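Quick notes on the structure that follows.
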Amino acid sequence: MTTIRPIVIGNWKMHGTSAYLAEVAALADWLAGEGADAGADVMICPPATLLSRLADKVAGTRIGVGGQDCHAAAQGAHTGDISAAMLKDAGASAVILGHSERRADHGERDRDVRAKSAAAHGEGLTAIICIGETQGQRELGLTLKVLSRQLEGSLPQACTAQNTIVAYEPVWAIGTGLTPTTDDVAAAHAHIRGELNRLVGLPAGDMRILYGGSVKPANAGELMAVANVDGALVGGASLKFADFSGIVAAYKGARVISPAAGQFGG
Ligand code: PGA
């Protein structure tokens with residue numbers, strides 16, 4: 001398994017009311033008890049409406065809190081948007097940026113993701129930058145080219161292993177129950193590792209590269225054991241304690257030796 005301290009991040013997307021906070025309380029209890037030897041950081045990215053309540057709830061536990069998007073500007077006339085400073089003020093330590101749903105629903109381009117990531121860094125938030133090919137691009141054999149282009153366009157200046165996480169999420173695997181083969185995941189993650197070394201150089205060091213797309217307890221062990229997979233970005237299965245803890249349990253007993261340890265607690 002990986003030598004970088006992994007992280008399992010739950011992306012609640014547009015799901016979750018205050019009732020969901022009970023799932024988080026159960027997760028915190030599990031991490032303090034039966035799951036205490038899970039060698040991974042854990043984070044939940046709820047809808048913005050729940051951020052501060054969730055942050056209060058998990059204070060003092062191993063669970064970190066992140067946002068799902070931020071605006072590139074520090075403030076201004078942008079109705080409905082949220083700045084990186086607001087996320088931080090609400091208790092977030094990270095923010096997901098460039099998720100394929102935002103790229104598709106809101107027309108976000110790589111340069112937007114880069115600007116948002118820079119804004120996140122400016123506030124001391126970790127940018128969780130999402131990349132991934134569509135089914136059509138995959139069928140045309142363009143996967144690695146697309147990943148290179150997205151990385152090159154989306155990574156901001158001065159990204160480091162401490163302030164940036166890359167999430168590889170094949171668009172066709174998100175919410176579909178489909179996953180790439182472990183060989184395909186290995187090839188994509190090795191390519192991303194190489195590109196990070198090329199584009200960022202030394203500061204990329206042990207930057208975490210997460211896999212996302214239909215991760216569940218049944219496939220987490222296999223996927224998380226692939227070389228250069230340093231954790232998971234989990235959508236649907238992060239909404240239920242039993243499923244999410246089942247994924248974190250892939251790291252039970254895992255030895256942790258990374259300098260990134262403790263970035264979000266744990
Ligand atoms: P999924 O979503 O786990 O529901 O496939 C993953 C994601 O979009 O981050």
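Residue numbering restarts at 1 for every chain of the structure tokens, chains are lettered A, B, ... in their displayed order, and ligands are numbered from 1 as they appear.
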Could you build a table of the residues in segment 167-229 of chain A lying no more than 12 Å from segment 135-140 of chain A, giving for each the nearest pair of atoms and their separation in Å rounded to one decimal place, using only C-alpha atoms, ordered by chain and ascending residue number, as JSON lines?
```
{"residue": "A:Glu169", "atom": "CA", "partner": "A:Gln135", "partner_atom": "CA", "distance": 11.6}
{"residue": "A:Pro170", "atom": "CA", "partner": "A:Gln135", "partner_atom": "CA", "distance": 8.0}
{"residue": "A:Val171", "atom": "CA", "partner": "A:Gln135", "partner_atom": "CA", "distance": 7.0}
{"residue": "A:Trp172", "atom": "CA", "partner": "A:Gln135", "partner_atom": "CA", "distance": 5.4}
{"residue": "A:Ala173", "atom": "CA", "partner": "A:Gln135", "partner_atom": "CA", "distance": 8.7}
{"residue": "A:Ile174", "atom": "CA", "partner": "A:Gln135", "partner_atom": "CA", "distance": 10.9}
{"residue": "A:Thr176", "atom": "CA", "partner": "A:Gln135", "partner_atom": "CA", "distance": 11.8}
{"residue": "A:Leu178", "atom": "CA", "partner": "A:Gln135", "partner_atom": "CA", "distance": 11.3}
{"residue": "A:Thr179", "atom": "CA", "partner": "A:Gln135", "partner_atom": "CA", "distance": 11.7}
{"residue": "A:Pro180", "atom": "CA", "partner": "A:Arg138", "partner_atom": "CA", "distance": 10.7}
{"residue": "A:Asp184", "atom": "CA", "partner": "A:Arg138", "partner_atom": "CA", "distance": 10.9}
{"residue": "A:Ala188", "atom": "CA", "partner": "A:Arg138", "partner_atom": "CA", "distance": 11.5}
```
All residues within 7 Å of ligand 1 are required, counting only C-alpha atoms and all ligand atoms; please report them as a PDB file with N, CA and C atoms, in the first residue's frame.
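Okay, this is what ended up in pocket.pdb:
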```pdb
ATOM      1  N   ASN A  11     -17.806  13.493  -0.510  1.00  0.00           N
ATOM      2  CA  ASN A  11     -18.395  14.634  -1.217  1.00  0.00           C
ATOM      3  C   ASN A  11     -19.907  14.430  -1.205  1.00  0.00           C
ATOM      4  N   GLU A 169     -10.987  11.371 -11.352  1.00  0.00           N
ATOM      5  CA  GLU A 169     -12.363  10.872 -11.368  1.00  0.00           C
ATOM      6  C   GLU A 169     -12.830  10.713 -12.816  1.00  0.00           C
ATOM      7  N   ALA A 173     -17.419   7.057 -14.555  1.00  0.00           N
ATOM      8  CA  ALA A 173     -17.477   6.181 -13.383  1.00  0.00           C
ATOM      9  C   ALA A 173     -18.222   6.833 -12.214  1.00  0.00           C
ATOM     10  N   ILE A 174     -18.534   8.117 -12.366  1.00  0.00           N
ATOM     11  CA  ILE A 174     -19.152   8.844 -11.246  1.00  0.00           C
ATOM     12  C   ILE A 174     -20.634   8.528 -11.169  1.00  0.00           C
ATOM     13  N   GLY A 175     -21.029   7.957 -10.051  1.00  0.00           N
ATOM     14  CA  GLY A 175     -22.448   7.696  -9.806  1.00  0.00           C
ATOM     15  C   GLY A 175     -23.054   6.618 -10.688  1.00  0.00           C
ATOM     16  N   THR A 176     -22.228   5.854 -11.372  1.00  0.00           N
ATOM     17  CA  THR A 176     -22.751   4.866 -12.323  1.00  0.00           C
ATOM     18  C   THR A 176     -22.604   3.431 -11.830  1.00  0.00           C
ATOM     19  N   GLY A 177     -21.793   3.222 -10.802  1.00  0.00           N
ATOM     20  CA  GLY A 177     -21.506   1.854 -10.363  1.00  0.00           C
ATOM     21  C   GLY A 177     -20.392   1.219 -11.188  1.00  0.00           C
ATOM     22  N   GLY A 212     -11.556   8.609  -7.562  1.00  0.00           N
ATOM     23  CA  GLY A 212     -12.980   8.814  -7.287  1.00  0.00           C
ATOM     24  C   GLY A 212     -13.834   8.291  -8.422  1.00  0.00           C
ATOM     25  N   GLY A 213     -15.010   7.796  -8.075  1.00  0.00           N
ATOM     26  CA  GLY A 213     -15.939   7.246  -9.072  1.00  0.00           C
ATOM     27  C   GLY A 213     -16.403   5.874  -8.637  1.00  0.00           C
ATOM     28  N   SER A 214     -17.627   5.841  -8.040  1.00  0.00           N
ATOM     29  CA  SER A 214     -18.246   4.577  -7.627  1.00  0.00           C
ATOM     30  C   SER A 214     -17.403   3.761  -6.642  1.00  0.00           C
ATOM     31  N   VAL A 215     -16.698   4.452  -5.744  1.00  0.00           N
ATOM     32  CA  VAL A 215     -15.989   3.728  -4.681  1.00  0.00           C
ATOM     33  C   VAL A 215     -17.009   3.301  -3.640  1.00  0.00           C
ATOM     34  N   LEU A 233     -12.020   9.844  -3.274  1.00  0.00           N
ATOM     35  CA  LEU A 233     -13.052  10.880  -3.219  1.00  0.00           C
ATOM     36  C   LEU A 233     -14.369  10.145  -3.460  1.00  0.00           C
ATOM     37  N   VAL A 234     -15.238  10.200  -2.476  1.00  0.00           N
ATOM     38  CA  VAL A 234     -16.407   9.323  -2.452  1.00  0.00           C
ATOM     39  C   VAL A 234     -17.680  10.160  -2.487  1.00  0.00           C
ATOM     40  N   GLY A 235     -18.555   9.876  -3.437  1.00  0.00           N
ATOM     41  CA  GLY A 235     -19.830  10.576  -3.508  1.00  0.00           C
ATOM     42  C   GLY A 235     -20.916   9.818  -2.759  1.00  0.00           C
ATOM     43  N   GLY A 236     -21.724   9.087  -3.499  1.00  0.00           N
ATOM     44  CA  GLY A 236     -22.910   8.432  -2.940  1.00  0.00           C
ATOM     45  C   GLY A 236     -22.652   7.643  -1.661  1.00  0.00           C
ATOM     46  N   ALA A 237     -21.552   6.908  -1.632  1.00  0.00           N
ATOM     47  CA  ALA A 237     -21.292   6.048  -0.477  1.00  0.00           C
ATOM     48  C   ALA A 237     -20.811   6.826   0.749  1.00  0.00           C
TER      49      ALA A 237
END
```
Of the residues A:Pro46, A:Asp110, A:Ala40, A:Cys159, which is the one nearest to Thr3 of chain A, using only C-alpha atoms?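 Residue with the minimum atom-to-atom distance to Thr3 of chain A: A:Ala40.
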Students should find that atom CA of Gly66 of chain A and atom CA of Ser93 of chain A are spaced 5.7 Å
Please identify all polymer residues within 9 Å of segment 148-152 of chain A, counting only C-alpha atoms, omitting same-chain residues fewer than 6 positions from it, and present them as a ChimeraX atom specification. /A:109-110,129-132,166,191-192,195-196,199
Keeping only N, CA and C atoms, write the selected residues to a file as an mmCIF file, in the first residue's frame.
```
data_model
loop_
_atom_site.group_PDB
_atom_site.id
_atom_site.type_symbol
_atom_site.label_atom_id
_atom_site.label_comp_id
_atom_site.auth_asym_id
_atom_site.auth_seq_id
_atom_site.Cartn_x
_atom_site.Cartn_y
_atom_site.Cartn_z
ATOM 1 N N ARG A 109 -13.977 25.980 -16.737
ATOM 2 C CA ARG A 109 -12.839 25.580 -17.567
ATOM 3 C C ARG A 109 -11.604 25.410 -16.682
ATOM 4 N N ASP A 110 -10.574 24.834 -17.261
ATOM 5 C CA ASP A 110 -9.349 24.621 -16.476
ATOM 6 C C ASP A 110 -8.854 25.935 -15.871
ATOM 7 N N ILE A 129 -8.209 19.227 -6.443
ATOM 8 C CA ILE A 129 -8.464 19.524 -7.857
ATOM 9 C C ILE A 129 -8.853 18.249 -8.601
ATOM 10 N N CYS A 130 -10.039 18.279 -9.208
ATOM 11 C CA CYS A 130 -10.566 17.077 -9.873
ATOM 12 C C CYS A 130 -10.290 17.110 -11.372
ATOM 13 N N ILE A 131 -9.875 15.966 -11.880
ATOM 14 C CA ILE A 131 -9.665 15.803 -13.319
ATOM 15 C C ILE A 131 -10.221 14.435 -13.717
ATOM 16 N N GLY A 132 -10.476 14.254 -14.995
ATOM 17 C CA GLY A 132 -10.953 12.940 -15.429
ATOM 18 C C GLY A 132 -11.546 13.011 -16.821
ATOM 19 N N VAL A 166 -4.813 16.007 -5.798
ATOM 20 C CA VAL A 166 -5.419 15.776 -7.115
ATOM 21 C C VAL A 166 -6.365 14.587 -7.002
ATOM 22 N N HIS A 191 0.616 8.079 -14.539
ATOM 23 C CA HIS A 191 0.744 9.198 -15.478
ATOM 24 C C HIS A 191 0.618 10.532 -14.735
ATOM 25 N N ILE A 192 -0.369 10.610 -13.848
ATOM 26 C CA ILE A 192 -0.566 11.854 -13.081
ATOM 27 C C ILE A 192 0.665 12.131 -12.218
ATOM 28 N N GLU A 195 3.297 13.532 -14.404
ATOM 29 C CA GLU A 195 2.976 14.893 -14.830
ATOM 30 C C GLU A 195 3.166 15.889 -13.687
ATOM 31 N N LEU A 196 2.835 15.481 -12.472
ATOM 32 C CA LEU A 196 3.045 16.364 -11.324
ATOM 33 C C LEU A 196 4.533 16.648 -11.153
ATOM 34 N N LEU A 199 5.409 19.052 -14.068
ATOM 35 C CA LEU A 199 4.817 20.387 -14.034
ATOM 36 C C LEU A 199 5.163 21.163 -12.765
#
```
Which of segment 13-217 of chain A end up as helix (DSSP H, G or I) when DSSP is run on this backbone - answer as a ChimeraX atom specification? /A:18-32,48-58,84-90,100-105,110-122,135-139,143-154,171-173,182-199,202-204,217
Quick one: residues within 10 Å of segment 48-65 of chain A, only C-alpha atoms, excluding same-chain residues fewer than 5 positions away - as a short mmCIF file (atom, residue, chain, number, x, y, z; two decimals) with N, CA and C atoms, in the first residue's frame?
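Once everything was written out, this is around.cif:
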```
data_model
loop_
_atom_site.label_atom_id
_atom_site.label_comp_id
_atom_site.auth_asym_id
_atom_site.auth_seq_id
_atom_site.Cartn_x
_atom_site.Cartn_y
_atom_site.Cartn_z
N VAL A 8 -9.44 9.87 2.86
CA VAL A 8 -10.72 9.49 2.27
C VAL A 8 -11.66 10.67 2.46
N ILE A 9 -12.13 11.21 1.35
CA ILE A 9 -12.95 12.44 1.38
C ILE A 9 -14.35 12.12 0.90
N GLY A 10 -15.33 12.49 1.70
CA GLY A 10 -16.72 12.32 1.30
C GLY A 10 -17.25 13.61 0.69
N LYS A 13 -22.16 16.39 -2.21
CA LYS A 13 -22.84 17.05 -3.33
C LYS A 13 -24.07 17.80 -2.81
N MET A 14 -25.18 17.80 -3.57
CA MET A 14 -26.36 18.54 -3.11
C MET A 14 -27.29 17.59 -2.35
N GLY A 16 -28.11 16.38 1.84
CA GLY A 16 -27.81 16.57 3.26
C GLY A 16 -28.53 17.73 3.90
N THR A 17 -29.28 17.37 4.92
CA THR A 17 -29.88 18.36 5.82
C THR A 17 -29.31 18.06 7.20
N SER A 18 -29.78 18.78 8.19
CA SER A 18 -29.19 18.58 9.52
C SER A 18 -29.34 17.14 10.01
N TYR A 20 -28.49 14.58 8.59
CA TYR A 20 -27.31 13.80 8.20
C TYR A 20 -26.17 13.92 9.22
N LEU A 21 -26.28 14.88 10.11
CA LEU A 21 -25.19 15.06 11.07
C LEU A 21 -25.04 13.85 11.98
N ALA A 22 -26.13 13.08 12.13
CA ALA A 22 -26.06 11.87 12.95
C ALA A 22 -25.11 10.84 12.33
N VAL A 24 -22.45 11.55 10.76
CA VAL A 24 -21.09 12.02 11.06
C VAL A 24 -20.72 11.71 12.51
N ALA A 25 -21.70 11.84 13.40
CA ALA A 25 -21.44 11.51 14.80
C ALA A 25 -21.07 10.03 14.93
N LEU A 27 -19.70 8.22 12.62
CA LEU A 27 -18.37 8.06 12.03
C LEU A 27 -17.28 8.48 13.02
N ALA A 28 -17.51 9.59 13.70
CA ALA A 28 -16.52 10.08 14.68
C ALA A 28 -16.35 9.04 15.80
N ASP A 29 -17.46 8.47 16.26
CA ASP A 29 -17.38 7.45 17.30
C ASP A 29 -16.59 6.24 16.81
N LEU A 31 -14.33 6.15 14.45
CA LEU A 31 -12.91 6.49 14.29
C LEU A 31 -12.19 6.54 15.65
N ALA A 32 -12.93 6.83 16.69
CA ALA A 32 -12.32 6.88 18.02
C ALA A 32 -12.27 5.50 18.67
N ALA A 36 -10.05 3.10 15.02
CA ALA A 36 -8.94 3.95 15.46
C ALA A 36 -7.63 3.64 14.75
N ALA A 40 -5.62 6.58 7.74
CA ALA A 40 -5.98 7.56 6.71
C ALA A 40 -6.63 8.77 7.38
N ASP A 41 -6.42 9.95 6.78
CA ASP A 41 -7.19 11.11 7.20
C ASP A 41 -8.60 10.96 6.63
N VAL A 42 -9.53 11.64 7.25
CA VAL A 42 -10.93 11.54 6.82
C VAL A 42 -11.50 12.96 6.74
N MET A 43 -12.21 13.24 5.67
CA MET A 43 -12.80 14.57 5.51
C MET A 43 -14.18 14.45 4.90
N ILE A 82 -19.68 31.65 -3.08
CA ILE A 82 -19.03 31.60 -1.78
C ILE A 82 -17.53 31.79 -2.00
N MET A 86 -14.81 32.72 3.11
CA MET A 86 -16.06 32.32 3.78
C MET A 86 -16.04 30.85 4.18
N LEU A 87 -15.50 30.02 3.29
CA LEU A 87 -15.37 28.60 3.62
C LEU A 87 -14.50 28.42 4.85
N LYS A 88 -13.38 29.14 4.85
CA LYS A 88 -12.46 29.03 5.97
C LYS A 88 -13.14 29.50 7.26
N ASP A 89 -13.85 30.61 7.15
CA ASP A 89 -14.54 31.17 8.31
C ASP A 89 -15.58 30.19 8.86
N ALA A 90 -16.17 29.38 7.95
CA ALA A 90 -17.18 28.41 8.38
C ALA A 90 -16.55 27.14 8.95
N GLY A 91 -15.22 27.03 8.86
CA GLY A 91 -14.57 25.87 9.47
C GLY A 91 -13.93 24.90 8.49
N ALA A 92 -13.93 25.24 7.21
CA ALA A 92 -13.34 24.34 6.21
C ALA A 92 -11.81 24.48 6.19
N SER A 93 -11.13 23.38 5.90
CA SER A 93 -9.69 23.45 5.72
C SER A 93 -9.30 23.10 4.28
N ALA A 94 -10.30 22.77 3.46
CA ALA A 94 -10.03 22.37 2.07
C ALA A 94 -11.27 22.67 1.23
N VAL A 95 -11.09 22.58 -0.08
CA VAL A 95 -12.25 22.77 -0.97
C VAL A 95 -12.05 21.95 -2.25
N GLY A 262 -1.26 14.45 9.54
CA GLY A 262 -1.73 15.47 10.46
C GLY A 262 -2.21 16.74 9.76
N GLN A 263 -2.21 16.73 8.44
CA GLN A 263 -2.62 17.92 7.71
C GLN A 263 -4.05 18.34 8.09
N PHE A 264 -4.89 17.35 8.30
CA PHE A 264 -6.28 17.63 8.65
C PHE A 264 -6.64 17.01 9.98
N GLY A 265 -5.68 16.80 10.83
CA GLY A 265 -5.95 16.09 12.09
C GLY A 265 -5.59 14.64 11.91
N GLY A 266 -5.91 13.83 12.86
CA GLY A 266 -5.61 12.39 12.74
C GLY A 266 -4.23 12.06 13.23
#
```
Shell around Glu23 of chain A at 10 Å using only C-alpha atoms, local window under 4 positions removed, as a ChimeraX atom specification: /A:19,27-28,238-242,244
Dump of N, CA, C and O atoms for the selected residues, as a compact mmCIF listing (two decimals), in the first residue's frame:
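part.txt was written with the following content:
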```txt
# COMPACT_ATOMS: atom_id res chain seq x y z
N ALA A 19 -30.31 16.40 9.48
CA ALA A 19 -30.50 15.00 9.90
C ALA A 19 -29.24 14.17 9.62
O ALA A 19 -28.96 13.19 10.31
N LEU A 27 -19.70 8.22 12.62
CA LEU A 27 -18.37 8.06 12.03
C LEU A 27 -17.28 8.48 13.02
O LEU A 27 -16.25 7.79 13.17
N ALA A 28 -17.51 9.59 13.70
CA ALA A 28 -16.52 10.08 14.68
C ALA A 28 -16.35 9.04 15.80
O ALA A 28 -15.22 8.76 16.22
N SER A 238 -20.65 8.14 0.61
CA SER A 238 -20.22 8.92 1.78
C SER A 238 -21.41 9.39 2.61
O SER A 238 -21.25 9.94 3.69
N LEU A 239 -22.61 9.15 2.09
CA LEU A 239 -23.81 9.68 2.77
C LEU A 239 -24.28 8.80 3.91
O LEU A 239 -25.08 9.23 4.74
N LYS A 240 -23.84 7.57 3.93
CA LYS A 240 -24.27 6.63 4.96
C LYS A 240 -23.06 6.17 5.77
O LYS A 240 -22.07 5.72 5.19
N PHE A 241 -23.17 6.26 7.08
CA PHE A 241 -22.06 5.87 7.95
C PHE A 241 -21.53 4.48 7.60
O PHE A 241 -20.32 4.29 7.49
N ALA A 242 -22.44 3.52 7.44
CA ALA A 242 -21.98 2.13 7.24
C ALA A 242 -21.12 2.00 5.99
O ALA A 242 -20.09 1.32 5.99
N PHE A 244 -19.51 4.57 4.33
CA PHE A 244 -18.30 5.40 4.36
C PHE A 244 -17.24 4.79 5.28
O PHE A 244 -16.06 4.71 4.92
```
Any chance you could list, as number ranges by chain, the residues in segment 76-248 of chain A that come up strand (DSSP E or B) when DSSP is run on the backbone? A: 94-97, 126-131, 164-168, 208-212, 231-234
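In this comparison, which uses only C-alpha atoms, the residue of A:Glu34, A:Asp112, A:Asp69, A:Asp206 approaching Gly153 of chain A most closely is A:Asp112.
Using only C-alpha atoms, the contacts of Glu108 of chain A at a cut-off of 12 Å, with sequence neighbours closer than 4 positions omitted, comprise Asp69, Cys70, His71, Ala72, Leu97, Gly98, His99, Ser100, Glu101, Arg102, Arg103, Ala104, Asp112, Val113, Arg114, Ala115, Lys116, Cys130, Ile131, Gln150, Gly153 and Ser154 of chain A.
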Take the residues from that selection and write them out as a PDB file, in the first residue's frame, keeping N, CA and C atoms.
```pdb
ATOM      1  N   ASP A  69     -16.879  23.989  -3.523  1.00  0.00           N
ATOM      2  CA  ASP A  69     -16.534  24.943  -4.584  1.00  0.00           C
ATOM      3  C   ASP A  69     -16.260  26.288  -3.925  1.00  0.00           C
ATOM      4  N   CYS A  70     -15.508  27.139  -4.570  1.00  0.00           N
ATOM      5  CA  CYS A  70     -15.430  28.532  -4.121  1.00  0.00           C
ATOM      6  C   CYS A  70     -15.267  29.423  -5.345  1.00  0.00           C
ATOM      7  N   HIS A  71     -15.550  30.692  -5.160  1.00  0.00           N
ATOM      8  CA  HIS A  71     -15.369  31.678  -6.224  1.00  0.00           C
ATOM      9  C   HIS A  71     -13.891  32.070  -6.286  1.00  0.00           C
ATOM     10  N   ALA A  72     -13.467  32.525  -7.455  1.00  0.00           N
ATOM     11  CA  ALA A  72     -12.059  32.931  -7.587  1.00  0.00           C
ATOM     12  C   ALA A  72     -11.793  34.282  -6.927  1.00  0.00           C
ATOM     13  N   LEU A  97     -12.415  21.438  -6.074  1.00  0.00           N
ATOM     14  CA  LEU A  97     -12.497  22.386  -7.193  1.00  0.00           C
ATOM     15  C   LEU A  97     -12.443  21.634  -8.521  1.00  0.00           C
ATOM     16  N   GLY A  98     -13.234  22.113  -9.476  1.00  0.00           N
ATOM     17  CA  GLY A  98     -13.215  21.524 -10.808  1.00  0.00           C
ATOM     18  C   GLY A  98     -13.833  20.152 -10.880  1.00  0.00           C
ATOM     19  N   HIS A  99     -14.740  19.849  -9.951  1.00  0.00           N
ATOM     20  CA  HIS A  99     -15.453  18.567 -10.060  1.00  0.00           C
ATOM     21  C   HIS A  99     -16.149  18.510 -11.422  1.00  0.00           C
ATOM     22  N   SER A 100     -16.243  17.336 -11.997  1.00  0.00           N
ATOM     23  CA  SER A 100     -16.807  17.236 -13.357  1.00  0.00           C
ATOM     24  C   SER A 100     -18.243  17.746 -13.407  1.00  0.00           C
ATOM     25  N   GLU A 101     -18.953  17.647 -12.274  1.00  0.00           N
ATOM     26  CA  GLU A 101     -20.331  18.166 -12.277  1.00  0.00           C
ATOM     27  C   GLU A 101     -20.327  19.695 -12.363  1.00  0.00           C
ATOM     28  N   ARG A 102     -19.327  20.328 -11.776  1.00  0.00           N
ATOM     29  CA  ARG A 102     -19.229  21.792 -11.901  1.00  0.00           C
ATOM     30  C   ARG A 102     -18.726  22.162 -13.298  1.00  0.00           C
ATOM     31  N   ARG A 103     -17.814  21.351 -13.818  1.00  0.00           N
ATOM     32  CA  ARG A 103     -17.330  21.630 -15.172  1.00  0.00           C
ATOM     33  C   ARG A 103     -18.498  21.509 -16.154  1.00  0.00           C
ATOM     34  N   ALA A 104     -19.385  20.510 -15.948  1.00  0.00           N
ATOM     35  CA  ALA A 104     -20.508  20.294 -16.873  1.00  0.00           C
ATOM     36  C   ALA A 104     -21.665  21.258 -16.594  1.00  0.00           C
ATOM     37  N   ASP A 112     -10.530  28.478 -14.949  1.00  0.00           N
ATOM     38  CA  ASP A 112     -11.362  28.850 -13.795  1.00  0.00           C
ATOM     39  C   ASP A 112     -10.925  28.050 -12.566  1.00  0.00           C
ATOM     40  N   VAL A 113     -10.659  26.780 -12.798  1.00  0.00           N
ATOM     41  CA  VAL A 113     -10.255  25.905 -11.691  1.00  0.00           C
ATOM     42  C   VAL A 113      -8.923  26.386 -11.119  1.00  0.00           C
ATOM     43  N   ARG A 114      -8.053  26.812 -12.021  1.00  0.00           N
ATOM     44  CA  ARG A 114      -6.753  27.327 -11.558  1.00  0.00           C
ATOM     45  C   ARG A 114      -6.943  28.586 -10.705  1.00  0.00           C
ATOM     46  N   ALA A 115      -7.808  29.492 -11.169  1.00  0.00           N
ATOM     47  CA  ALA A 115      -8.034  30.745 -10.430  1.00  0.00           C
ATOM     48  C   ALA A 115      -8.677  30.455  -9.067  1.00  0.00           C
ATOM     49  N   LYS A 116      -9.618  29.529  -9.052  1.00  0.00           N
ATOM     50  CA  LYS A 116     -10.266  29.168  -7.783  1.00  0.00           C
ATOM     51  C   LYS A 116      -9.250  28.512  -6.840  1.00  0.00           C
ATOM     52  N   CYS A 130     -10.039  18.279  -9.208  1.00  0.00           N
ATOM     53  CA  CYS A 130     -10.566  17.077  -9.873  1.00  0.00           C
ATOM     54  C   CYS A 130     -10.290  17.110 -11.372  1.00  0.00           C
ATOM     55  N   ILE A 131      -9.875  15.966 -11.880  1.00  0.00           N
ATOM     56  CA  ILE A 131      -9.665  15.803 -13.319  1.00  0.00           C
ATOM     57  C   ILE A 131     -10.221  14.435 -13.717  1.00  0.00           C
ATOM     58  N   GLN A 150      -5.713  18.791 -18.479  1.00  0.00           N
ATOM     59  CA  GLN A 150      -6.442  19.334 -17.324  1.00  0.00           C
ATOM     60  C   GLN A 150      -5.483  19.721 -16.197  1.00  0.00           C
ATOM     61  N   GLY A 153      -3.627  22.916 -17.132  1.00  0.00           N
ATOM     62  CA  GLY A 153      -4.469  24.103 -17.090  1.00  0.00           C
ATOM     63  C   GLY A 153      -5.014  24.437 -15.714  1.00  0.00           C
ATOM     64  N   SER A 154      -5.152  23.438 -14.861  1.00  0.00           N
ATOM     65  CA  SER A 154      -5.869  23.650 -13.596  1.00  0.00           C
ATOM     66  C   SER A 154      -4.960  23.895 -12.402  1.00  0.00           C
TER      67      SER A 154
END
```
